[in-house]
Amino acid sequence: MVDEGQRESGFCCAGCSYVYRLVHDSGLDAYYRIKDQVTAPVDPSVFQPQDYDWLAELQRDAEAQAREQGGSDAAAAAPLPAPASAATPSATLGIQGISCAGCVWLIEKCFEQLPGARRINVNAQLGHMELSWQAGEFSLPEFARRLQSFNYLVGPHDAEGAEPESRALVRRIGLCTAFVMNTMLFTLPSYFGMEQSFAYARLFGTLALAFGTLSMLAGGGYFIQRAWAGLRHGLLHIDLPISLGILGAYLGSLYGWAVGEERYVYFDFVSTFIVLMLVGRWAQVCAVERNRRRLLALQPRPQHIAVFQPDGSTRPLAPEKLQPGQSLELRSGQVLPVEARLEAPARAEFSLASINGEAAPRAYAAGQLIPAGALNLSRSPARLRATQAWAQSLLAELTARQNESAAPQRNPLLERIVQGYLIGILAVAALAALGWGLGTGDLLKTGAIVTAILVVSCPCAIGLAFPLAEEIASVALRRRGVYVRSSRLWSILHKVRKLIFDKTGTLTLETPTLQNPEALAALSPESRQALYSLVRDNPHPVSQSLLEALLAGGPPPEPLAGEVVEEIGQGVRLGPWSLGRSEPQGDGRAAPTSAQPADHKKKGATVLACDGQPVARFELADTIRSDARAELRHLRALGYEAHILSGDARTKVEKIAAELGLPREQGHGQMSPQDKADWLRQHTRADALMLGDGLNDSLAFDAALARGTPVIHRGVLAQKSDFYYLGRGIGGIRALFEINAIRRRAERVILVFSVTYNLLAVGFAAAGFINPLIAAILMPVNSLLTLALVSLAMKGALASASHAHTRA
């Protein structure tokens, strides 16, 4: 659903408008000629201050190491010390948001525009970049902030990360392709009439055997190993029928070569079939990896916390090493890892949205306990004294579960298909062996028929069509802003009957929305400059909302000189300028407000003033996502039952439920993280899709059948979700179900085609009308027909669905 503001601007949100203008203003508009057709919506993180102190520390260490290395190298060569210019430090960093070659080009250009930049290598497949710079000239934090403004987040590099499966498959495909070409090279002479009496006929056959065996080991071994691992755990893996087909074809060819019956030798077709199956699996794996690599590889962990030493200095300490009684310094925008008591300043503001779903910030006075997971919204650091160790922290419990690998999900449909396929084919092969063996007594003929049955019975629907259907569905979802992270989603999505929403950040926007943008448009250049100075680098949701609206309307002005002073519960000041939630007093300060949680709908306007005189009033309100009501109506029409589980007050949650057209009893408020998980276990039967955005949803994610999140910049739930969706609406959820329904219909068509083919082909083979050579030819031909059919079925249905969605 597109609202009026989106129609006028041509952009889905202020973030997209801001980044589009920034790309052109930076002279990087060639990006739009390079990028993919699908462009993901900009994440709100482009406006939110990030802590890059860890990058500054990493840069200091890298430069010190480079100086030491440069000094030792120079000392080995000459007695004179190495010049400072000889130091060339380097680092490897993770990066989030890469989706195409255009992203790589844009990141490289941003790097080259900075002073001191030397070399950069962006690896889109692994989601990291290697860069080197000139010591003393380049700034890693500045580079990270610049990338953030273009919708890319920088994080630590996972040096121990496993190699992507797709890369290993590419190597297998490359090897097997080379093997199949060599196999065909030595097989072709027999197709053109080479007699067995020819001097090199046996040599050619032996070489075909050698390359076919290499193909079997390099490519077939991939499927056989996975099938065997499944059997060891009592599972019928989808690779089992593929493995049996490959083994049957190979063993039949091997037997034909051993006894000198060239008409039963078809190593070239066996190798071709292996390549086709590997390509199908590669497409399936790439669909998931492409979406995963948009995210930082490392699991999110709380940042190092500055701990005060006896001499008054601070030392960064990992959250795992925190102990009760330690004095901590929590910087602006940083998350508190353990429960602690506020010592200074006298008052400070924190956001509890990620741990209890409470949208409004809360002011704390010195001496009060602040829960783990609270976000410091004050512009200045807060000093706190820890009251617990990391092991006892709620944050530790919620984040630790993200490192647990989910139990593998079984796909009952595929298991039934595999089981039926195996039983049917093996039964037919056994009966054919018994019938032909007893009836003719010709063991060679009987062996040929059994081999033909095993070869011609192609498991292409499982090995090729299903992965291709998932890949096409994933591409269609990306066009709607939905990214599938886990292939398990396709096997469980049809079971979902209940949709469980968190409220804050999921059904509502993360920050309050400016209700009167005309007030912002009417500001004079000086007023815009003052407002920008007051709200930039401020994590408070009101400041973030005003900053987003300000930057969407034009390039940022130059900030005013001077220090921004914050008075908790009142607002911020810079010289004669002030910004607060109520009318200012005569001295230019905002009138005091309650220390209780602020509700922006009830507290009135946020006022920009100069010398105590109001300049502009900004009306802000927590806003339901623009399409939420319509989308929930569509989802209910499709048979899904929706509930809201929130840590916010019951009255607020019930009110939002009513605004969304849900019965009030389906809005559940004042729920702790454990309450959410318990509710899911008590009221759902492995049929719930949980949609959330904060730490307070982590336990509910563990209890749900499937899980999705609209927030990826925090990294809290993105690594744990089966899918994530971008943009300012929730339309991606309906798209997920609609496209999955199309995928399942296409797979049923393929199953009917596959069953029909196998009945006819196996029947003719069992009757003796198909020999192993013809069976080997039919096998890849059927694979190509299956691919064409699934592609036509999926793309035609998706085109119709897209047209219908556009009209809606």
# chains A, B, ... in the order shown; residues from 1 in each chain; ligands from 1
>>> residues_around(residues="Leu550 in chain A", least_positions_apart="4", cutoff="9 Å", atoms="only C-alpha atoms", output="number ranges by chain")
A: 520-521, 528, 531-532, 545-546, 554-556
>>> write_last_selection(atoms="C-alpha atoms", output="PDB file, in the first residue's frame")
ATOM      1  CA  LEU A 520       9.590  21.689   9.014  1.00  0.00           C
ATOM      2  CA  ALA A 521       9.273  22.987   5.455  1.00  0.00           C
ATOM      3  CA  ARG A 528      17.080  24.394   9.975  1.00  0.00           C
ATOM      4  CA  LEU A 531      17.476  22.092  14.466  1.00  0.00           C
ATOM      5  CA  TYR A 532      20.031  19.904  12.701  1.00  0.00           C
ATOM      6  CA  SER A 545      12.339  11.283  13.815  1.00  0.00           C
ATOM      7  CA  LEU A 546      13.105  14.972  13.265  1.00  0.00           C
ATOM      8  CA  GLY A 554      17.358  18.319   1.501  1.00  0.00           C
ATOM      9  CA  PRO A 555      21.076  18.168   2.166  1.00  0.00           C
ATOM     10  CA  PRO A 556      22.147  18.629   5.802  1.00  0.00           C
TER      11      PRO A 556
END
>>> residues_around(residues="range 181-187 of chain A", least_positions_apart="4", cutoff="9 Å", atoms="only C-alpha atoms", output="list in words")
Cys176, Thr177, Tyr191, Leu203, Phe204, Gly205, Thr206, Leu207, Ala208, Leu209, Ala210, Phe211, Gly212, Tyr266, Phe267, Asp268, Phe269, Ser271 and Thr272 of chain A
>>> write_last_selection(atoms="N, CA and C atoms", output="mmCIF file, in the first residue's frame")
data_model
loop_
_atom_site.group_PDB
_atom_site.id
_atom_site.type_symbol
_atom_site.label_atom_id
_atom_site.label_comp_id
_atom_site.auth_asym_id
_atom_site.auth_seq_id
_atom_site.Cartn_x
_atom_site.Cartn_y
_atom_site.Cartn_z
ATOM 1 N N CYS A 176 33.471 -31.227 -12.139
ATOM 2 C CA CYS A 176 32.621 -32.209 -12.829
ATOM 3 C C CYS A 176 32.361 -31.809 -14.274
ATOM 4 N N THR A 177 32.281 -30.500 -14.529
ATOM 5 C CA THR A 177 32.121 -30.049 -15.921
ATOM 6 C C THR A 177 33.340 -30.429 -16.756
ATOM 7 N N TYR A 191 30.077 -43.279 -30.780
ATOM 8 C CA TYR A 191 28.824 -42.841 -31.393
ATOM 9 C C TYR A 191 28.973 -42.648 -32.905
ATOM 10 N N LEU A 203 41.374 -48.322 -24.840
ATOM 11 C CA LEU A 203 41.990 -47.194 -24.136
ATOM 12 C C LEU A 203 40.986 -46.057 -23.955
ATOM 13 N N PHE A 204 40.238 -45.753 -25.039
ATOM 14 C CA PHE A 204 39.236 -44.689 -24.935
ATOM 15 C C PHE A 204 38.182 -45.030 -23.875
ATOM 16 N N GLY A 205 37.759 -46.296 -23.877
ATOM 17 C CA GLY A 205 36.770 -46.716 -22.896
ATOM 18 C C GLY A 205 37.297 -46.613 -21.474
ATOM 19 N N THR A 206 38.569 -46.962 -21.303
ATOM 20 C CA THR A 206 39.172 -46.887 -19.967
ATOM 21 C C THR A 206 39.297 -45.436 -19.511
ATOM 22 N N LEU A 207 39.664 -44.544 -20.432
ATOM 23 C CA LEU A 207 39.747 -43.123 -20.079
ATOM 24 C C LEU A 207 38.363 -42.556 -19.741
ATOM 25 N N ALA A 208 37.328 -42.967 -20.482
ATOM 26 C CA ALA A 208 35.964 -42.548 -20.163
ATOM 27 C C ALA A 208 35.576 -43.035 -18.775
ATOM 28 N N LEU A 209 35.966 -44.270 -18.450
ATOM 29 C CA LEU A 209 35.726 -44.810 -17.113
ATOM 30 C C LEU A 209 36.441 -43.977 -16.058
ATOM 31 N N ALA A 210 37.696 -43.614 -16.335
ATOM 32 C CA ALA A 210 38.483 -42.851 -15.363
ATOM 33 C C ALA A 210 37.836 -41.498 -15.080
ATOM 34 N N PHE A 211 37.473 -40.771 -16.136
ATOM 35 C CA PHE A 211 36.869 -39.456 -15.931
ATOM 36 C C PHE A 211 35.455 -39.577 -15.353
ATOM 37 N N GLY A 212 34.715 -40.622 -15.744
ATOM 38 C CA GLY A 212 33.400 -40.843 -15.142
ATOM 39 C C GLY A 212 33.510 -41.146 -13.660
ATOM 40 N N TYR A 266 27.761 -45.827 -20.399
ATOM 41 C CA TYR A 266 27.247 -44.477 -20.638
ATOM 42 C C TYR A 266 27.755 -43.543 -19.539
ATOM 43 N N PHE A 267 29.064 -43.541 -19.332
ATOM 44 C CA PHE A 267 29.668 -42.671 -18.313
ATOM 45 C C PHE A 267 29.432 -41.194 -18.626
ATOM 46 N N ASP A 268 29.317 -40.846 -19.912
ATOM 47 C CA ASP A 268 29.098 -39.445 -20.259
ATOM 48 C C ASP A 268 27.751 -38.951 -19.756
ATOM 49 N N PHE A 269 26.722 -39.772 -19.867
ATOM 50 C CA PHE A 269 25.398 -39.347 -19.389
ATOM 51 C C PHE A 269 25.337 -39.336 -17.862
ATOM 52 N N SER A 271 27.870 -38.558 -15.946
ATOM 53 C CA SER A 271 28.569 -37.322 -15.567
ATOM 54 C C SER A 271 27.698 -36.100 -15.818
ATOM 55 N N THR A 272 26.955 -36.104 -16.920
ATOM 56 C CA THR A 272 26.058 -34.982 -17.232
ATOM 57 C C THR A 272 24.969 -34.846 -16.176
#
>>> residues_around(residues="Met690 in chain A", least_positions_apart="4", cutoff="6 Å", atoms="only C-alpha atoms", output="list in words")
Ile500, Ala704 and Arg707 of chain A
>>> write_last_selection(atoms="N, CA and C atoms", output="PDB file, in the first residue's frame")
ATOM      1  N   ILE A 500       1.730 -14.055  15.134  1.00  0.00           N
ATOM      2  CA  ILE A 500       1.947 -13.421  16.432  1.00  0.00           C
ATOM      3  C   ILE A 500       2.858 -12.216  16.214  1.00  0.00           C
ATOM      4  N   ALA A 704       8.328 -20.456  18.699  1.00  0.00           N
ATOM      5  CA  ALA A 704       7.481 -20.406  17.508  1.00  0.00           C
ATOM      6  C   ALA A 704       7.945 -21.406  16.453  1.00  0.00           C
ATOM      7  N   ARG A 707       9.797 -17.739  12.246  1.00  0.00           N
ATOM      8  CA  ARG A 707      10.015 -16.409  12.806  1.00  0.00           C
ATOM      9  C   ARG A 707      10.561 -15.447  11.752  1.00  0.00           C
TER      10      ARG A 707
END
>>> closest_residue(among="A:Val180, A:Val615, A:Asn538, A:Val749", to="Ser524 in chain A", atoms="only C-alpha atoms")
A:Val615
>>> residues_around(residues="Gln666 in chain A", least_positions_apart="3", cutoff="8 Å", atoms="only C-alpha atoms", output="short mmCIF file (atom, residue, chain, number, x, y, z; two decimals) with N, CA and C atoms, in the first residue's frame")
data_model
loop_
_atom_site.label_atom_id
_atom_site.label_comp_id
_atom_site.auth_asym_id
_atom_site.auth_seq_id
_atom_site.Cartn_x
_atom_site.Cartn_y
_atom_site.Cartn_z
N ALA A 642 -4.58 -13.53 13.91
CA ALA A 642 -3.51 -12.62 14.35
C ALA A 642 -3.66 -12.28 15.82
N HIS A 643 -2.53 -12.23 16.52
CA HIS A 643 -2.46 -11.81 17.93
C HIS A 643 -1.31 -10.84 18.10
N ILE A 644 -1.45 -9.97 19.09
CA ILE A 644 -0.38 -9.04 19.44
C ILE A 644 0.11 -9.39 20.84
N GLU A 654 -4.54 -3.07 23.65
CA GLU A 654 -5.92 -3.31 23.25
C GLU A 654 -6.42 -2.22 22.30
N ALA A 657 -4.97 -2.92 18.94
CA ALA A 657 -5.68 -4.06 18.35
C ALA A 657 -7.00 -3.58 17.73
N LEU A 662 -8.70 -5.80 15.02
CA LEU A 662 -8.64 -7.07 15.74
C LEU A 662 -9.49 -7.00 16.99
N PRO A 663 -10.08 -8.11 17.41
CA PRO A 663 -10.79 -8.13 18.69
C PRO A 663 -9.83 -7.74 19.82
#
>>> residues_around(residues="range 349-356 of chain A", least_positions_apart="6", cutoff="6 Å", atoms="only C-alpha atoms", output="mmCIF file with N, CA and C atoms, in the first residue's frame")
data_model
loop_
_atom_site.group_PDB
_atom_site.id
_atom_site.type_symbol
_atom_site.label_atom_id
_atom_site.label_comp_id
_atom_site.auth_asym_id
_atom_site.auth_seq_id
_atom_site.Cartn_x
_atom_site.Cartn_y
_atom_site.Cartn_z
ATOM 1 N N ARG A 362 12.231 6.356 29.120
ATOM 2 C CA ARG A 362 11.967 6.481 30.550
ATOM 3 C C ARG A 362 13.128 7.198 31.216
ATOM 4 N N ALA A 363 12.809 8.168 32.062
ATOM 5 C CA ALA A 363 13.833 8.926 32.792
ATOM 6 C C ALA A 363 14.097 8.247 34.130
ATOM 7 N N ALA A 374 18.866 -1.953 28.581
ATOM 8 C CA ALA A 374 18.426 -0.573 28.411
ATOM 9 C C ALA A 374 19.421 0.178 27.534
ATOM 10 N N LEU A 375 18.910 1.070 26.695
ATOM 11 C CA LEU A 375 19.721 1.845 25.762
ATOM 12 C C LEU A 375 19.834 3.273 26.278
ATOM 13 N N ASN A 376 21.061 3.763 26.402
ATOM 14 C CA ASN A 376 21.289 5.119 26.897
ATOM 15 C C ASN A 376 20.916 6.133 25.818
ATOM 16 N N LEU A 377 19.851 6.897 26.065
ATOM 17 C CA LEU A 377 19.389 7.899 25.110
ATOM 18 C C LEU A 377 19.965 9.280 25.384
ATOM 19 N N SER A 378 20.651 9.453 26.507
ATOM 20 C CA SER A 378 21.232 10.753 26.833
ATOM 21 C C SER A 378 22.429 11.021 25.935
ATOM 22 N N GLY A 647 5.062 -5.988 25.562
ATOM 23 C CA GLY A 647 5.385 -5.636 26.934
ATOM 24 C C GLY A 647 4.785 -4.318 27.346
ATOM 25 N N GLY A 694 12.850 -7.078 18.847
ATOM 26 C CA GLY A 694 13.718 -6.755 19.970
ATOM 27 C C GLY A 694 14.095 -7.965 20.803
ATOM 28 N N LEU A 695 14.962 -7.725 21.780
ATOM 29 C CA LEU A 695 15.409 -8.797 22.656
ATOM 30 C C LEU A 695 14.252 -9.449 23.394
ATOM 31 N N ASN A 696 13.212 -8.670 23.667
ATOM 32 C CA ASN A 696 12.087 -9.239 24.399
ATOM 33 C C ASN A 696 11.315 -10.265 23.580
#
>>> residues_around(residues="range 220-224 of chain A", least_positions_apart="5", cutoff="9 Å", atoms="only C-alpha atoms", output="PyMOL selection string")
chain A and resi 169+172+215+229+239-240+242-244+246-247+271+274-275+278
>>> residues_around(residues="Arg315 in chain A", least_positions_apart="3", cutoff="10 Å", atoms="only C-alpha atoms", output="list in words")
His304, Ile305, Ala306, Val307, Phe308, Gln309, Gly312, Leu328 and Glu329 of chain A
>>> select_by_dssp(residues="range 36-233 of chain A", states="alpha helix (DSSP H)", output="PyMOL selection string")
chain A and resi 53-77+101-112+140-149+165-191+201-215+221-232
>>> closest_residue(among="A:Arg625, A:His634, A:Lys676, A:Arg202", to="Val259 in chain A", atoms="only C-alpha atoms")
A:Arg202
>>> select_by_dssp(residues="range 333-495 of chain A", states="strand (DSSP E)", output="count of residues only")
26
>>> atom_distance(atom1="CA of Val428 in chain A", atom2="CA of Ala761 in chain A")
11.8 Å
>>> atom_distance(atom1="CA of Ala382 in chain A", atom2="CA of Ser646 in chain A")
28.1 Å
>>> atom_distance(atom1="CA of Leu477 in chain A", atom2="CA of Gln148 in chain A")
24.8 Å
>>> closest_residue(among="A:Leu493, A:Phe723, A:Pro517, A:Gly447", to="Ala686 in chain A", atoms="only C-alpha atoms")
A:Leu493
>>> closest_residue(among="A:Leu336, A:Thr508, A:Leu547, A:Leu254", to="Arg629 in chain A", atoms="only C-alpha atoms")
A:Thr508
